[in-house]
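*Asks:* Below is protein-v8.cif; it holds mmCIF, C-alpha atoms.
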data_start
#
loop_
_atom_site.group_PDB
_atom_site.id
_atom_site.type_symbol
_atom_site.label_atom_id
_atom_site.label_comp_id
_atom_site.auth_asym_id
_atom_site.auth_seq_id
_atom_site.Cartn_x
_atom_site.Cartn_y
_atom_site.Cartn_z
ATOM 1 C CA MET A 1 0.000 0.000 0.000
ATOM 2 C CA LEU A 2 1.357 3.322 -1.041
ATOM 3 C CA GLN A 3 1.423 5.970 1.469
ATOM 4 C CA GLY A 4 0.415 9.433 0.199
ATOM 5 C CA ALA A 5 1.072 12.816 1.688
ATOM 6 C CA PRO A 6 -0.434 13.144 5.114
ATOM 7 C CA LEU A 7 -3.841 14.658 5.155
ATOM 8 C CA GLU A 8 -4.121 18.034 6.812
ATOM 9 C CA THR A 9 -6.328 18.005 9.776
ATOM 10 C CA LYS A 10 -8.399 21.058 10.326
ATOM 11 C CA GLN A 11 -8.866 22.063 13.910
ATOM 12 C CA GLU A 12 -11.707 24.133 15.203
ATOM 13 C CA GLY A 13 -10.973 27.878 14.841
ATOM 14 C CA ASP A 14 -8.462 27.490 11.993
ATOM 15 C CA MET A 15 -9.024 29.795 9.094
ATOM 16 C CA PRO A 16 -7.829 29.383 5.511
ATOM 17 C CA PHE A 17 -4.764 31.522 4.678
ATOM 18 C CA SER A 18 -6.646 33.754 2.242
ATOM 19 C CA LYS A 19 -9.250 34.645 4.855
ATOM 20 C CA SER A 20 -6.625 35.509 7.509
ATOM 21 C CA LEU A 21 -4.750 37.672 4.979
ATOM 22 C CA THR A 22 -7.966 39.517 4.123
ATOM 23 C CA GLY A 23 -8.656 40.062 7.824
ATOM 24 C CA ALA A 24 -5.172 41.463 8.404
ATOM 25 C CA ALA A 25 -5.537 43.800 5.444
ATOM 26 C CA LEU A 26 -8.824 45.114 6.825
ATOM 27 C CA VAL A 27 -7.255 45.773 10.241
ATOM 28 C CA ILE A 28 -4.380 47.683 8.621
ATOM 29 C CA TRP A 29 -6.795 49.712 6.443
ATOM 30 C CA ALA A 30 -8.952 50.588 9.472
ATOM 31 C CA SER A 31 -5.858 51.724 11.388
ATOM 32 C CA PHE A 32 -4.836 53.852 8.405
ATOM 33 C CA LEU A 33 -8.240 55.531 8.250
ATOM 34 C CA SER A 34 -8.422 56.153 11.997
ATOM 35 C CA SER A 35 -5.037 57.885 11.966
ATOM 36 C CA ASN A 36 -6.487 60.795 9.947
ATOM 37 C CA ALA A 37 -4.205 59.978 7.052
ATOM 38 C CA PHE A 38 -6.447 61.985 4.759
ATOM 39 C CA GLY A 39 -6.299 65.086 6.957
ATOM 40 C CA ALA A 40 -9.906 64.959 8.099
ATOM 41 C CA ASP A 41 -10.498 66.277 11.580
ATOM 42 C CA GLU A 42 -6.899 67.351 12.069
ATOM 43 C CA LYS A 43 -5.958 68.181 15.641
ATOM 44 C CA SER A 44 -5.179 71.771 16.518
ATOM 45 C CA ALA A 45 -1.555 72.805 16.189
ATOM 46 C CA ALA A 46 0.724 72.348 19.192
ATOM 47 C CA PRO A 47 1.677 75.499 21.092
ATOM 48 C CA VAL A 48 4.782 77.286 19.860
ATOM 49 C CA SER A 49 7.894 76.101 21.652
ATOM 50 C CA THR A 50 10.033 78.541 23.604
ATOM 51 C CA TYR A 51 12.906 77.246 21.485
ATOM 52 C CA ALA A 52 11.381 79.161 18.574
ATOM 53 C CA ILE A 53 11.512 82.569 20.289
ATOM 54 C CA PRO A 54 13.795 84.733 18.139
ATOM 55 C CA ILE A 55 16.652 86.642 19.707
ATOM 56 C CA GLY A 56 16.593 90.388 19.222
ATOM 57 C CA ALA A 57 19.033 93.201 19.823
ATOM 58 C CA THR A 58 20.509 93.229 23.315
ATOM 59 C CA ILE A 59 18.717 95.328 25.899
ATOM 60 C CA SER A 60 20.434 98.700 26.324
ATOM 61 C CA LEU A 61 22.024 99.759 29.592
ATOM 62 C CA ASP A 62 19.388 102.484 30.024
ATOM 63 C CA ALA A 63 16.540 100.025 29.481
ATOM 64 C CA ALA A 64 18.210 97.544 31.857
ATOM 65 C CA LYS A 65 18.401 100.239 34.543
ATOM 66 C CA LYS A 66 14.690 101.074 34.074
ATOM 67 C CA VAL A 67 13.733 97.414 34.348
ATOM 68 C CA ALA A 68 15.849 96.972 37.476
ATOM 69 C CA ALA A 69 14.398 100.173 38.980
ATOM 70 C CA ALA A 70 10.880 98.757 38.611
ATOM 71 C CA ALA A 71 11.940 95.555 40.411
ATOM 72 C CA ALA A 72 13.612 97.592 43.161
ATOM 73 C CA ALA A 73 10.516 99.784 43.564
ATOM 74 C CA GLU A 74 8.336 96.684 44.024
ATOM 75 C CA ALA A 75 10.795 95.344 46.605
ATOM 76 C CA ARG A 76 10.908 98.648 48.543
ATOM 77 C CA LYS A 77 7.106 98.912 48.472
ATOM 78 C CA ASN A 78 6.938 95.526 50.237
ATOM 79 C CA ASN A 79 9.985 96.065 52.484
ATOM 80 C CA TRP A 80 11.947 93.247 50.817
ATOM 81 C CA ARG A 81 15.724 93.368 50.283
ATOM 82 C CA MET A 82 16.700 92.203 46.802
ATOM 83 C CA ALA A 83 19.622 91.674 44.476
ATOM 84 C CA ILE A 84 18.695 92.427 40.854
ATOM 85 C CA ALA A 85 20.546 91.348 37.716
ATOM 86 C CA VAL A 86 19.839 92.052 34.049
ATOM 87 C CA VAL A 87 21.628 90.032 31.368
ATOM 88 C CA ASP A 88 21.682 89.961 27.567
ATOM 89 C CA PRO A 89 20.266 86.982 25.598
ATOM 90 C CA ALA A 90 23.596 85.153 25.939
ATOM 91 C CA GLY A 91 23.566 85.555 29.729
ATOM 92 C CA SER A 92 26.257 88.253 29.969
ATOM 93 C CA LEU A 93 25.682 90.731 32.759
ATOM 94 C CA ILE A 94 24.420 94.155 31.635
ATOM 95 C CA TYR A 95 23.356 95.663 34.958
ATOM 96 C CA TYR A 96 23.380 94.632 38.614
ATOM 97 C CA GLU A 97 22.385 96.160 41.927
ATOM 98 C CA LYS A 98 22.006 94.867 45.469
ATOM 99 C CA MET A 99 19.915 96.672 48.030
ATOM 100 C CA ASP A 100 21.410 97.327 51.475
ATOM 101 C CA ASP A 101 21.044 94.421 53.899
ATOM 102 C CA THR A 102 20.272 91.896 51.149
ATOM 103 C CA GLN A 103 21.563 88.470 52.087
ATOM 104 C CA ILE A 104 24.942 87.894 50.462
ATOM 105 C CA GLY A 105 23.977 84.559 48.865
ATOM 106 C CA SER A 106 21.275 86.307 46.842
ATOM 107 C CA ALA A 107 23.898 88.280 44.917
ATOM 108 C CA LYS A 108 24.967 85.258 42.861
ATOM 109 C CA VAL A 109 21.496 83.691 42.788
ATOM 110 C CA ALA A 110 20.025 86.795 41.089
ATOM 111 C CA ILE A 111 22.628 86.597 38.322
ATOM 112 C CA ASP A 112 22.113 82.842 37.954
ATOM 113 C CA LYS A 113 18.321 83.274 37.685
ATOM 114 C CA ALA A 114 18.738 85.921 34.989
ATOM 115 C CA ARG A 115 21.166 83.736 33.015
ATOM 116 C CA SER A 116 18.877 80.720 33.305
ATOM 117 C CA ALA A 117 15.871 82.698 32.022
ATOM 118 C CA ALA A 118 17.899 84.064 29.094
ATOM 119 C CA LEU A 119 19.653 80.865 28.044
ATOM 120 C CA TYR A 120 16.562 78.668 28.278
ATOM 121 C CA LYS A 121 14.121 81.382 27.067
ATOM 122 C CA ARG A 122 11.650 80.726 29.860
ATOM 123 C CA PRO A 123 10.804 81.794 33.399
ATOM 124 C CA THR A 124 12.827 79.989 36.051
ATOM 125 C CA LYS A 125 9.518 79.116 37.705
ATOM 126 C CA ALA A 126 8.967 76.648 34.836
ATOM 127 C CA PHE A 127 11.928 74.645 36.164
ATOM 128 C CA GLN A 128 10.647 74.975 39.745
ATOM 129 C CA ASP A 129 7.230 73.657 38.687
ATOM 130 C CA ALA A 130 8.740 70.799 36.665
ATOM 131 C CA ILE A 131 10.735 69.563 39.653
ATOM 132 C CA ALA A 132 7.772 69.976 42.000
ATOM 133 C CA GLY A 133 5.749 67.778 39.629
ATOM 134 C CA GLY A 134 8.271 64.973 40.073
ATOM 135 C CA GLY A 135 8.614 62.143 37.594
ATOM 136 C CA LEU A 136 10.190 63.233 34.335
ATOM 137 C CA GLY A 137 10.323 66.837 35.597
ATOM 138 C CA VAL A 138 13.279 65.911 37.774
ATOM 139 C CA ARG A 139 15.355 65.801 34.556
ATOM 140 C CA VAL A 140 15.661 69.582 34.941
ATOM 141 C CA LEU A 141 18.315 68.940 37.579
ATOM 142 C CA GLY A 142 20.583 67.728 34.781
ATOM 143 C CA LEU A 143 20.357 70.954 32.747
ATOM 144 C CA GLU A 144 23.487 72.996 33.210
ATOM 145 C CA GLY A 145 22.655 76.478 34.437
ATOM 146 C CA ALA A 146 18.919 75.860 34.891
ATOM 147 C CA VAL A 147 17.840 77.495 38.156
ATOM 148 C CA PRO A 148 14.660 75.934 39.582
ATOM 149 C CA LEU A 149 13.631 78.958 41.649
ATOM 150 C CA GLU A 150 11.062 81.599 40.760
ATOM 151 C CA GLY A 151 12.486 85.059 40.098
ATOM 152 C CA GLY A 152 14.096 84.826 36.663
ATOM 153 C CA LEU A 153 12.132 86.088 33.649
ATOM 154 C CA PRO A 154 12.958 86.599 29.972
ATOM 155 C CA LEU A 155 12.785 90.204 28.756
ATOM 156 C CA MET A 156 10.951 90.512 25.453
ATOM 157 C CA SER A 157 10.659 93.404 23.023
ATOM 158 C CA GLY A 158 8.759 93.156 19.759
ATOM 159 C CA GLY A 159 8.320 89.392 20.267
ATOM 160 C CA LYS A 160 12.077 88.893 20.564
ATOM 161 C CA LEU A 161 14.272 87.957 23.496
ATOM 162 C CA VAL A 162 16.439 90.971 24.410
ATOM 163 C CA GLY A 163 17.665 89.785 27.800
ATOM 164 C CA ALA A 164 16.445 88.532 31.151
ATOM 165 C CA ILE A 165 16.101 89.676 34.726
ATOM 166 C CA GLY A 166 16.877 87.749 37.879
ATOM 167 C CA VAL A 167 15.753 88.817 41.342
ATOM 168 C CA SER A 168 16.701 87.173 44.631
ATOM 169 C CA GLY A 169 16.578 88.066 48.291
ATOM 170 C CA ASP A 170 13.289 86.948 49.786
ATOM 171 C CA LEU A 171 10.835 84.096 49.218
ATOM 172 C CA SER A 172 10.986 82.971 45.602
ATOM 173 C CA GLU A 173 7.372 84.090 45.069
ATOM 174 C CA HIS A 174 8.391 87.598 46.183
ATOM 175 C CA ASP A 175 11.406 87.470 43.877
ATOM 176 C CA GLY A 176 9.023 86.547 41.049
ATOM 177 C CA GLN A 177 6.668 89.391 41.942
ATOM 178 C CA CYS A 178 9.519 91.904 41.672
ATOM 179 C CA ALA A 179 10.701 90.390 38.392
ATOM 180 C CA SER A 180 7.153 90.594 36.997
ATOM 181 C CA ALA A 181 6.977 94.287 37.897
ATOM 182 C CA ALA A 182 10.201 94.767 35.945
ATOM 183 C CA VAL A 183 8.924 92.925 32.855
ATOM 184 C CA ALA A 184 5.837 95.150 32.803
ATOM 185 C CA VAL A 185 8.099 98.152 32.056
ATOM 186 C CA LEU A 186 8.968 96.720 28.618
ATOM 187 C CA LYS A 187 5.356 96.160 27.561
#
Could you write out this file's structure as structure tokens?
*Replies:*
Amino acid sequence: MLQGAPLETKQEGDMPFSKSLTGAALVIWASFLSSNAFGADEKSAAPVSTYAIPIGATISLDAAKKVAAAAAAEARKNNWRMAIAVVDPAGSLIYYEKMDDTQIGSAKVAIDKARSAALYKRPTKAFQDAIAGGGLGVRVLGLEGAVPLEGGLPLMSGGKLVGAIGVSGDLSEHDGQCASAAVAVLK
């Protein structure tokens, strides 16, 4: 007796190859359609990144003094002692002042806050908030020169970064309040 090729046994649930290929093609086509490949119902555009902020002409010494004077006025109004630094977009110091009786450590912190705000084109409070949020926000600690304390703000003119201000000497929220008063001068 000649033995032929073994007969295939079909088990329950098996599907012919052509049917499984058709099923796979339908799943792929449905995925393609649900991914808005044709542009229907496109999502709104993502917010503009701070990386895209253009750099303008450096803030002048006179403008830097006016900005710092506004921060100092806010500090005096609230009886806070502050160190105030204004830097150009590259973080180079343009103007600095320290009020009498300001803690000595705040002298360097004010400059560092200003540099951080200029170099990273964002308020230093953004770094503070990222760390406070934990998780991936802790990566900020690895960014050289990023100061995670409120009180550093970019200075903008005509939609361009012209420098930054850093204020230090009291609670970081008070530093931020003085820096905000300074930014308002440029608007």
*Asks:* Neighbours of Ala72 (chain A) within 12 Å (all atoms listed in the file; same-chain residues fewer than 6 positions away dropped), as a PyMOL selection string?
*Replies:* chain A and resi 65-66+78-85+96-100+102+165-169+174-175+177-182
*Asks:* Just give me the gap between CA of Leu141 (chain A) and CA of Leu155 (chain A) in Å, one decimal is fine.
*Replies:*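 About the pair CA of Leu141 (chain A) and CA of Leu155 (chain A): they are 23.7 Å apart.
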*Asks:* Identify, on the basis of all atoms listed in the file, every residue whose closest approach to region 116-123 of chain A does not exceed 7 Å; exclude the query and any residue fewer than 2 positions from it along the same chain; express the result as a list in words.
*Replies:* Thr50, Pro89, Ala90, Gly91, Asp112, Lys113, Ala114, Lys125, Ala126, Gly145, Ala146, Val147, Gly152, Leu153, Pro154, Gly163 and Ala164 of chain A
*Asks:* For CA of Met156 (chain A) and CA of Leu61 (chain A), quote the distance in Å rounded to one decimal.
*Replies:*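 Calculated distance between CA of Met156 (chain A) and CA of Leu61 (chain A) is 15.0 Å.
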*Asks:* Quick check, in Å to one decimal: how far apart do CA of Ile94 (chain A) and CA of Ala69 (chain A) lie?
*Replies:* 13.8 Å
*Asks:* So for region 120-125 of chain A, what box centre and size do we get, axis-aligned, 4 Å extra on each of the six sides, every listed atom, Å to one decimal, as JSON?
*Replies:*
{"center_x": 13.0, "center_y": 80.2, "center_z": 32.4, "size_x": 15.0, "size_y": 11.1, "size_z": 18.6}
*Asks:* Under the rule that all atoms listed in the file are counted, which of A:Leu93, A:Asp101, A:Phe127, A:Lys77 is the nearest residue to Arg139 (chain A)?
*Replies:*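 The shortest atom-to-atom distance to Arg139 (chain A) comes from A:Phe127.
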*Asks:* Smallest atom-to-atom distance to Asp129 (chain A): which of A:Asp88, A:Glu150, A:Glu74, A:Asp62, using all atoms listed in the file?
*Replies:*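 Of A:Asp88, A:Glu150, A:Glu74, A:Asp62, the one nearest Asp129 (chain A), counting all atoms listed in the file, is A:Glu150.
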*Asks:* Take region 48-94 of chain A from the preceding structure and save N, CA and C atoms as a PDB file, in the first residue's frame.
*Replies:*
ATOM      1  N   VAL A  48       3.440  76.950  20.330  1.00  0.00           N
ATOM      2  CA  VAL A  48       4.782  77.286  19.860  1.00  0.00           C
ATOM      3  C   VAL A  48       5.779  77.057  20.991  1.00  0.00           C
ATOM      4  N   SER A  49       6.857  76.401  20.681  1.00  0.00           N
ATOM      5  CA  SER A  49       7.894  76.101  21.652  1.00  0.00           C
ATOM      6  C   SER A  49       8.690  77.348  21.991  1.00  0.00           C
ATOM      7  N   THR A  50       9.180  77.416  23.226  1.00  0.00           N
ATOM      8  CA  THR A  50      10.033  78.541  23.604  1.00  0.00           C
ATOM      9  C   THR A  50      11.359  78.499  22.846  1.00  0.00           C
ATOM     10  N   TYR A  51      11.691  77.337  22.290  1.00  0.00           N
ATOM     11  CA  TYR A  51      12.906  77.246  21.485  1.00  0.00           C
ATOM     12  C   TYR A  51      12.814  78.149  20.256  1.00  0.00           C
ATOM     13  N   ALA A  52      11.589  78.394  19.801  1.00  0.00           N
ATOM     14  CA  ALA A  52      11.381  79.161  18.574  1.00  0.00           C
ATOM     15  C   ALA A  52      11.381  80.671  18.792  1.00  0.00           C
ATOM     16  N   ILE A  53      11.499  81.125  20.028  1.00  0.00           N
ATOM     17  CA  ILE A  53      11.512  82.569  20.289  1.00  0.00           C
ATOM     18  C   ILE A  53      12.773  83.162  19.658  1.00  0.00           C
ATOM     19  N   PRO A  54      12.606  84.136  18.764  1.00  0.00           N
ATOM     20  CA  PRO A  54      13.795  84.733  18.139  1.00  0.00           C
ATOM     21  C   PRO A  54      14.542  85.643  19.111  1.00  0.00           C
ATOM     22  N   ILE A  55      15.811  85.772  18.879  1.00  0.00           N
ATOM     23  CA  ILE A  55      16.652  86.642  19.707  1.00  0.00           C
ATOM     24  C   ILE A  55      16.785  87.985  19.012  1.00  0.00           C
ATOM     25  N   GLY A  56      16.521  89.029  19.760  1.00  0.00           N
ATOM     26  CA  GLY A  56      16.593  90.388  19.222  1.00  0.00           C
ATOM     27  C   GLY A  56      17.870  91.081  19.639  1.00  0.00           C
ATOM     28  N   ALA A  57      17.887  92.385  19.411  1.00  0.00           N
ATOM     29  CA  ALA A  57      19.033  93.201  19.823  1.00  0.00           C
ATOM     30  C   ALA A  57      19.107  93.206  21.346  1.00  0.00           C
ATOM     31  N   THR A  58      20.300  93.230  21.867  1.00  0.00           N
ATOM     32  CA  THR A  58      20.509  93.229  23.315  1.00  0.00           C
ATOM     33  C   THR A  58      19.884  94.449  23.967  1.00  0.00           C
ATOM     34  N   ILE A  59      19.292  94.235  25.127  1.00  0.00           N
ATOM     35  CA  ILE A  59      18.717  95.328  25.899  1.00  0.00           C
ATOM     36  C   ILE A  59      19.805  96.371  26.189  1.00  0.00           C
ATOM     37  N   SER A  60      19.450  97.637  26.064  1.00  0.00           N
ATOM     38  CA  SER A  60      20.434  98.700  26.324  1.00  0.00           C
ATOM     39  C   SER A  60      20.644  98.862  27.826  1.00  0.00           C
ATOM     40  N   LEU A  61      21.737  99.502  28.188  1.00  0.00           N
ATOM     41  CA  LEU A  61      22.024  99.759  29.592  1.00  0.00           C
ATOM     42  C   LEU A  61      20.918 100.608  30.213  1.00  0.00           C
ATOM     43  N   ASP A  62      20.467 101.635  29.495  1.00  0.00           N
ATOM     44  CA  ASP A  62      19.388 102.484  30.024  1.00  0.00           C
ATOM     45  C   ASP A  62      18.114 101.692  30.261  1.00  0.00           C
ATOM     46  N   ALA A  63      17.740 100.845  29.312  1.00  0.00           N
ATOM     47  CA  ALA A  63      16.540 100.025  29.481  1.00  0.00           C
ATOM     48  C   ALA A  63      16.724  99.038  30.633  1.00  0.00           C
ATOM     49  N   ALA A  64      17.924  98.481  30.763  1.00  0.00           N
ATOM     50  CA  ALA A  64      18.210  97.544  31.857  1.00  0.00           C
ATOM     51  C   ALA A  64      18.071  98.239  33.208  1.00  0.00           C
ATOM     52  N   LYS A  65      18.527  99.479  33.297  1.00  0.00           N
ATOM     53  CA  LYS A  65      18.401 100.239  34.543  1.00  0.00           C
ATOM     54  C   LYS A  65      16.931 100.510  34.865  1.00  0.00           C
ATOM     55  N   LYS A  66      16.119 100.818  33.856  1.00  0.00           N
ATOM     56  CA  LYS A  66      14.690 101.074  34.074  1.00  0.00           C
ATOM     57  C   LYS A  66      13.977  99.809  34.560  1.00  0.00           C
ATOM     58  N   VAL A  67      14.321  98.691  33.954  1.00  0.00           N
ATOM     59  CA  VAL A  67      13.733  97.414  34.348  1.00  0.00           C
ATOM     60  C   VAL A  67      14.111  97.093  35.797  1.00  0.00           C
ATOM     61  N   ALA A  68      15.378  97.249  36.114  1.00  0.00           N
ATOM     62  CA  ALA A  68      15.849  96.972  37.476  1.00  0.00           C
ATOM     63  C   ALA A  68      15.208  97.933  38.477  1.00  0.00           C
ATOM     64  N   ALA A  69      15.027  99.187  38.086  1.00  0.00           N
ATOM     65  CA  ALA A  69      14.398 100.173  38.980  1.00  0.00           C
ATOM     66  C   ALA A  69      12.970  99.770  39.315  1.00  0.00           C
ATOM     67  N   ALA A  70      12.249  99.212  38.353  1.00  0.00           N
ATOM     68  CA  ALA A  70      10.880  98.757  38.611  1.00  0.00           C
ATOM     69  C   ALA A  70      10.874  97.592  39.604  1.00  0.00           C
ATOM     70  N   ALA A  71      11.836  96.675  39.467  1.00  0.00           N
ATOM     71  CA  ALA A  71      11.940  95.555  40.411  1.00  0.00           C
ATOM     72  C   ALA A  71      12.292  96.072  41.805  1.00  0.00           C
ATOM     73  N   ALA A  72      13.208  97.019  41.872  1.00  0.00           N
ATOM     74  CA  ALA A  72      13.612  97.592  43.161  1.00  0.00           C
ATOM     75  C   ALA A  72      12.453  98.340  43.818  1.00  0.00           C
ATOM     76  N   ALA A  73      11.666  99.049  43.031  1.00  0.00           N
ATOM     77  CA  ALA A  73      10.516  99.784  43.564  1.00  0.00           C
ATOM     78  C   ALA A  73       9.501  98.813  44.169  1.00  0.00           C
ATOM     79  N   GLU A  74       9.262  97.693  43.495  1.00  0.00           N
ATOM     80  CA  GLU A  74       8.336  96.684  44.024  1.00  0.00           C
ATOM     81  C   GLU A  74       8.884  96.105  45.327  1.00  0.00           C
ATOM     82  N   ALA A  75      10.175  95.877  45.385  1.00  0.00           N
ATOM     83  CA  ALA A  75      10.795  95.344  46.605  1.00  0.00           C
ATOM     84  C   ALA A  75      10.681  96.353  47.760  1.00  0.00           C
ATOM     85  N   ARG A  76      10.996  97.605  47.491  1.00  0.00           N
ATOM     86  CA  ARG A  76      10.908  98.648  48.543  1.00  0.00           C
ATOM     87  C   ARG A  76       9.471  98.800  49.039  1.00  0.00           C
ATOM     88  N   LYS A  77       8.523  98.781  48.120  1.00  0.00           N
ATOM     89  CA  LYS A  77       7.106  98.912  48.472  1.00  0.00           C
ATOM     90  C   LYS A  77       6.686  97.835  49.480  1.00  0.00           C
ATOM     91  N   ASN A  78       7.287  96.653  49.376  1.00  0.00           N
ATOM     92  CA  ASN A  78       6.938  95.526  50.237  1.00  0.00           C
ATOM     93  C   ASN A  78       7.953  95.272  51.354  1.00  0.00           C
ATOM     94  N   ASN A  79       8.937  96.172  51.466  1.00  0.00           N
ATOM     95  CA  ASN A  79       9.985  96.065  52.484  1.00  0.00           C
ATOM     96  C   ASN A  79      10.807  94.774  52.349  1.00  0.00           C
ATOM     97  N   TRP A  80      11.095  94.397  51.100  1.00  0.00           N
ATOM     98  CA  TRP A  80      11.947  93.247  50.817  1.00  0.00           C
ATOM     99  C   TRP A  80      13.315  93.755  50.376  1.00  0.00           C
ATOM    100  N   ARG A  81      14.356  93.028  50.696  1.00  0.00           N
ATOM    101  CA  ARG A  81      15.724  93.368  50.283  1.00  0.00           C
ATOM    102  C   ARG A  81      16.112  92.443  49.133  1.00  0.00           C
ATOM    103  N   MET A  82      16.461  93.017  47.994  1.00  0.00           N
ATOM    104  CA  MET A  82      16.700  92.203  46.802  1.00  0.00           C
ATOM    105  C   MET A  82      18.013  92.528  46.107  1.00  0.00           C
ATOM    106  N   ALA A  83      18.542  91.517  45.445  1.00  0.00           N
ATOM    107  CA  ALA A  83      19.622  91.674  44.476  1.00  0.00           C
ATOM    108  C   ALA A  83      18.963  91.530  43.110  1.00  0.00           C
ATOM    109  N   ILE A  84      19.348  92.384  42.167  1.00  0.00           N
ATOM    110  CA  ILE A  84      18.695  92.427  40.854  1.00  0.00           C
ATOM    111  C   ILE A  84      19.762  92.395  39.775  1.00  0.00           C
ATOM    112  N   ALA A  85      19.602  91.481  38.822  1.00  0.00           N
ATOM    113  CA  ALA A  85      20.546  91.348  37.716  1.00  0.00           C
ATOM    114  C   ALA A  85      19.802  91.365  36.392  1.00  0.00           C
ATOM    115  N   VAL A  86      20.378  92.048  35.415  1.00  0.00           N
ATOM    116  CA  VAL A  86      19.839  92.052  34.049  1.00  0.00           C
ATOM    117  C   VAL A  86      20.962  91.577  33.133  1.00  0.00           C
ATOM    118  N   VAL A  87      20.637  90.600  32.288  1.00  0.00           N
ATOM    119  CA  VAL A  87      21.628  90.032  31.368  1.00  0.00           C
ATOM    120  C   VAL A  87      21.136  90.157  29.928  1.00  0.00           C
ATOM    121  N   ASP A  88      22.052  89.978  28.985  1.00  0.00           N
ATOM    122  CA  ASP A  88      21.682  89.961  27.567  1.00  0.00           C
ATOM    123  C   ASP A  88      21.206  88.547  27.202  1.00  0.00           C
ATOM    124  N   PRO A  89      20.771  88.316  25.961  1.00  0.00           N
ATOM    125  CA  PRO A  89      20.266  86.982  25.598  1.00  0.00           C
ATOM    126  C   PRO A  89      21.284  85.850  25.765  1.00  0.00           C
ATOM    127  N   ALA A  90      22.564  86.170  25.758  1.00  0.00           N
ATOM    128  CA  ALA A  90      23.596  85.153  25.939  1.00  0.00           C
ATOM    129  C   ALA A  90      23.952  84.947  27.414  1.00  0.00           C
ATOM    130  N   GLY A  91      23.324  85.708  28.299  1.00  0.00           N
ATOM    131  CA  GLY A  91      23.566  85.555  29.729  1.00  0.00           C
ATOM    132  C   GLY A  91      24.666  86.438  30.289  1.00  0.00           C
ATOM    133  N   SER A  92      25.203  87.345  29.480  1.00  0.00           N
ATOM    134  CA  SER A  92      26.257  88.253  29.969  1.00  0.00           C
ATOM    135  C   SER A  92      25.620  89.396  30.760  1.00  0.00           C
ATOM    136  N   LEU A  93      26.224  89.715  31.857  1.00  0.00           N
ATOM    137  CA  LEU A  93      25.682  90.731  32.759  1.00  0.00           C
ATOM    138  C   LEU A  93      25.700  92.112  32.106  1.00  0.00           C
ATOM    139  N   ILE A  94      24.551  92.788  32.143  1.00  0.00           N
ATOM    140  CA  ILE A  94      24.420  94.155  31.635  1.00  0.00           C
ATOM    141  C   ILE A  94      24.349  95.129  32.800  1.00  0.00           C
TER     142      ILE A  94
END
